[in-house]
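Engineer: So I've got this file, my_file14.cif, and it contains mmCIF, C-alpha atoms:
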```
data_entry
#
loop_
_atom_site.label_atom_id
_atom_site.label_comp_id
_atom_site.auth_asym_id
_atom_site.auth_seq_id
_atom_site.Cartn_x
_atom_site.Cartn_y
_atom_site.Cartn_z
CA MET A 19 -9.45 -79.29 -28.67
CA ASP A 20 -7.81 -76.94 -31.19
CA GLY A 21 -10.45 -75.00 -33.07
CA GLN A 22 -13.34 -76.42 -31.06
CA LEU A 23 -13.28 -73.90 -28.20
CA THR A 24 -12.82 -70.16 -28.19
CA GLY A 25 -9.89 -68.64 -26.36
CA TYR A 26 -12.31 -67.41 -23.70
CA GLU A 27 -13.71 -70.92 -23.18
CA GLN A 28 -10.21 -72.36 -22.93
CA SER A 29 -9.34 -69.73 -20.32
CA LEU A 30 -12.23 -70.93 -18.12
CA ILE A 31 -10.85 -74.46 -17.76
CA GLY A 32 -9.88 -74.98 -14.14
CA LYS A 33 -12.01 -72.06 -12.92
CA THR A 34 -15.29 -71.89 -11.07
CA VAL A 35 -18.20 -71.04 -13.36
CA GLU A 36 -21.91 -70.47 -12.83
CA GLY A 37 -24.65 -72.09 -14.85
CA ARG A 38 -28.29 -73.12 -14.86
CA VAL A 39 -29.42 -76.74 -14.51
CA GLU A 40 -31.08 -77.80 -17.78
CA ALA A 41 -31.79 -81.46 -17.03
CA VAL A 42 -31.27 -84.01 -14.28
CA PHE A 43 -30.68 -87.69 -15.11
CA ARG A 44 -29.50 -90.65 -13.05
CA TRP A 45 -26.22 -90.52 -15.00
CA GLY A 46 -25.59 -86.83 -14.41
CA VAL A 47 -26.73 -83.23 -14.57
CA ILE A 48 -26.67 -81.08 -17.71
CA VAL A 49 -25.79 -77.44 -17.02
CA ASP A 50 -26.18 -74.48 -19.39
CA LEU A 51 -23.05 -72.39 -18.94
CA GLY A 52 -23.88 -69.81 -21.59
CA LEU A 53 -20.99 -71.16 -23.67
CA SER A 54 -20.84 -73.01 -26.99
CA ARG A 55 -21.40 -76.39 -25.28
CA VAL A 56 -23.28 -77.50 -22.19
CA GLY A 57 -21.61 -78.84 -19.07
CA LEU A 58 -22.01 -82.24 -17.44
CA ILE A 59 -21.73 -83.05 -13.75
CA ASP A 60 -21.13 -86.80 -13.84
CA ALA A 61 -23.04 -88.95 -11.35
CA LEU A 62 -19.67 -90.00 -9.89
CA TYR A 63 -19.40 -86.51 -8.40
CA ILE A 64 -22.95 -86.35 -7.03
CA ASP A 65 -23.70 -87.64 -3.53
CA ASP A 66 -27.03 -89.21 -2.59
CA GLY A 67 -27.92 -86.12 -0.57
CA ASP A 68 -27.17 -83.67 -3.39
CA LYS A 69 -30.31 -82.23 -4.95
CA TYR A 70 -30.35 -80.56 -8.34
CA GLU A 71 -33.49 -79.03 -9.84
CA VAL A 72 -34.10 -77.76 -13.36
CA GLY A 73 -33.70 -73.98 -13.44
CA GLU A 74 -31.47 -73.88 -10.35
CA ARG A 75 -28.26 -71.80 -10.51
CA VAL A 76 -25.12 -73.79 -9.65
CA ASN A 77 -21.43 -73.04 -9.22
CA CYS A 78 -19.00 -75.69 -10.45
CA ARG A 79 -15.38 -76.02 -11.43
CA LEU A 80 -15.00 -76.40 -15.19
CA ALA A 81 -12.59 -79.34 -15.21
CA LEU A 82 -12.07 -80.00 -18.91
CA PHE A 83 -13.64 -80.29 -22.32
CA ASP A 84 -14.48 -83.86 -23.31
CA GLU A 85 -14.25 -84.07 -27.11
CA ALA A 86 -15.96 -87.48 -27.27
CA LYS A 87 -18.98 -86.23 -25.31
CA ASN A 88 -18.77 -82.73 -26.83
CA LYS A 89 -19.41 -81.34 -23.34
CA PHE A 90 -17.58 -79.46 -20.62
CA ILE A 91 -16.99 -81.70 -17.62
CA LEU A 92 -17.90 -80.04 -14.33
CA TRP A 93 -17.14 -80.85 -10.71
CA SER A 94 -19.11 -79.53 -7.76
CA PRO A 95 -16.70 -77.45 -5.67
CA GLY A 96 -16.63 -79.91 -2.75
CA LYS A 97 -16.37 -82.97 -5.00
CA ILE A 98 -13.03 -82.41 -6.73
CA PRO A 99 -10.99 -85.66 -6.61
CA ILE A 100 -8.27 -85.51 -3.93
CA ALA A 101 -5.48 -86.39 -6.40
CA VAL A 102 -6.54 -83.47 -8.61
CA ARG A 103 -6.78 -81.09 -5.65
CA LEU A 104 -3.27 -81.99 -4.55
CA ALA A 105 -1.77 -81.86 -8.04
CA LEU A 106 -3.35 -78.51 -8.86
CA LYS A 107 -3.15 -77.11 -5.31
CA ILE A 108 -6.88 -76.32 -5.34
CA ASP A 109 -8.37 -74.92 -2.14
CA LEU A 110 -12.00 -75.74 -1.42
#
```
Go ahead and express the file in the form of structure tokens.
Structural biologist:
Amino acid sequence: MDGQLTGYEQSLIGKTVEGRVEAVFRWGVIVDLGLSRVGLIDALYIDDGDKYEVGERVNCRLALFDEAKNKFILWSPGKIPIAVRLALKIDL
């Protein structure tokens, strides 16, 4: 991750960010965060009842930067894995 992200982008990891849905696929949702890379909400963290539409504003937790995908990985606030919530003491 060294050199790939700005200090500001690194400071956002673990925080809730707002973005705009750019595209919706069966494998996930691409979100424009206004940063150097887009974000991805993986289908694993999307329930059948969740609806995302292009242009919609969304709030997500910026979980990490995936170097292989060259994307920020996002979690919907209510969909953070329990092990992560406990380890990081995240309140929903």
Engineer: Select, from A:Arg79, A:Lys97, A:Arg38, A:Lys89, the residue with the minimum atom-to-atom distance to Ser54 of chain A, counting all atoms listed in the file.
Structural biologist: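 Among the listed residues, the smallest separation from Ser54 of chain A belongs to A:Lys89.
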Engineer: Could you work out how far atom CA of Gly67 of chain A lies from atom CA of Leu30 of chain A, giving the answer in Å with one decimal?
Structural biologist: 28.0 Å
Engineer: Let me make sure I understand: among A:Val39, A:Gln22, A:Thr34, A:Glu27, which one has the smallest atom-to-atom distance to Glu74 of chain A if we use all atoms listed in the file?
Structural biologist: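 For Glu74 of chain A, the nearest of the given residues is A:Val39.
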Engineer: I'd like the interatomic distance between atom CA of Tyr70 of chain A and atom CA of Gly32 of chain A, to a tenth of an Å.
Structural biologist: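 Between atom CA of Tyr70 of chain A and atom CA of Gly32 of chain A the gap works out to 22.0 Å.
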Engineer: I'd like the residues picked by the PyMOL selection byres ((chain A and resi 82) around 6) written out as an mmCIF file with C-alpha atoms, in the frame of the given file, using the chain letters and numbers from the file.
Structural biologist:
```
data_model
loop_
_atom_site.group_PDB
_atom_site.id
_atom_site.type_symbol
_atom_site.label_atom_id
_atom_site.label_comp_id
_atom_site.auth_asym_id
_atom_site.auth_seq_id
_atom_site.Cartn_x
_atom_site.Cartn_y
_atom_site.Cartn_z
ATOM 1 C CA ILE A 31 -10.850 -74.460 -17.760
ATOM 2 C CA LEU A 80 -15.000 -76.400 -15.190
ATOM 3 C CA ALA A 81 -12.590 -79.340 -15.210
ATOM 4 C CA PHE A 83 -13.640 -80.290 -22.320
ATOM 5 C CA PHE A 90 -17.580 -79.460 -20.620
ATOM 6 C CA ILE A 91 -16.990 -81.700 -17.620
#
```
Engineer: Do you have the atom CA of Arg44 of chain A-atom CA of Val72 of chain A distance handy?
Structural biologist: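 Computed distance, atom CA of Arg44 of chain A to atom CA of Val72 of chain A, equals 13.7 Å.
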Engineer: Compare A:Leu62, A:Val49, A:Leu23, A:Val56 by their minimum atom-to-atom distance to Gly37 of chain A, counting all atoms listed in the file, and give me the closest one.
Structural biologist: A:Val49
Engineer: Kindly indicate which residue among A:Asp50, A:Arg55, A:Trp45, A:Val35 lies nearest to Glu85 of chain A, using only C-alpha atoms for the distances.
Structural biologist: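 Closest residue, counting only C-alpha atoms: A:Arg55.
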Engineer: Might you spell out which residues the PyMOL selection byres ((chain A and resi 93-95) around 6) would select in the displayed file, as a list in words?
Structural biologist: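 With the shown file as input, the PyMOL selection byres ((chain A and resi 93-95) around 6) matches Ile59, Cys78, Arg79, Leu92, Gly96, Lys97 and Ile98 of chain A.
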Engineer: Could you check which of A:Asp84, A:Thr24, A:Val42, A:Glu36 is closest to Glu71 of chain A, using only C-alpha atoms?
Structural biologist: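 Closest residue, counting only C-alpha atoms: A:Val42.
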Engineer: Given only C-alpha atoms as the basis, pick out the residue of A:Asp66, A:Ala86, A:Gln28, A:Gly73 nearest to Leu53 of chain A.
Structural biologist: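 Closest candidate: A:Gln28.
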Engineer: Residues picked by the PyMOL selection byres ((chain A and resi 48) around 6) here, as an MDAnalysis selection string?
Structural biologist: chainID A and resid 40:41 47 49 57:58
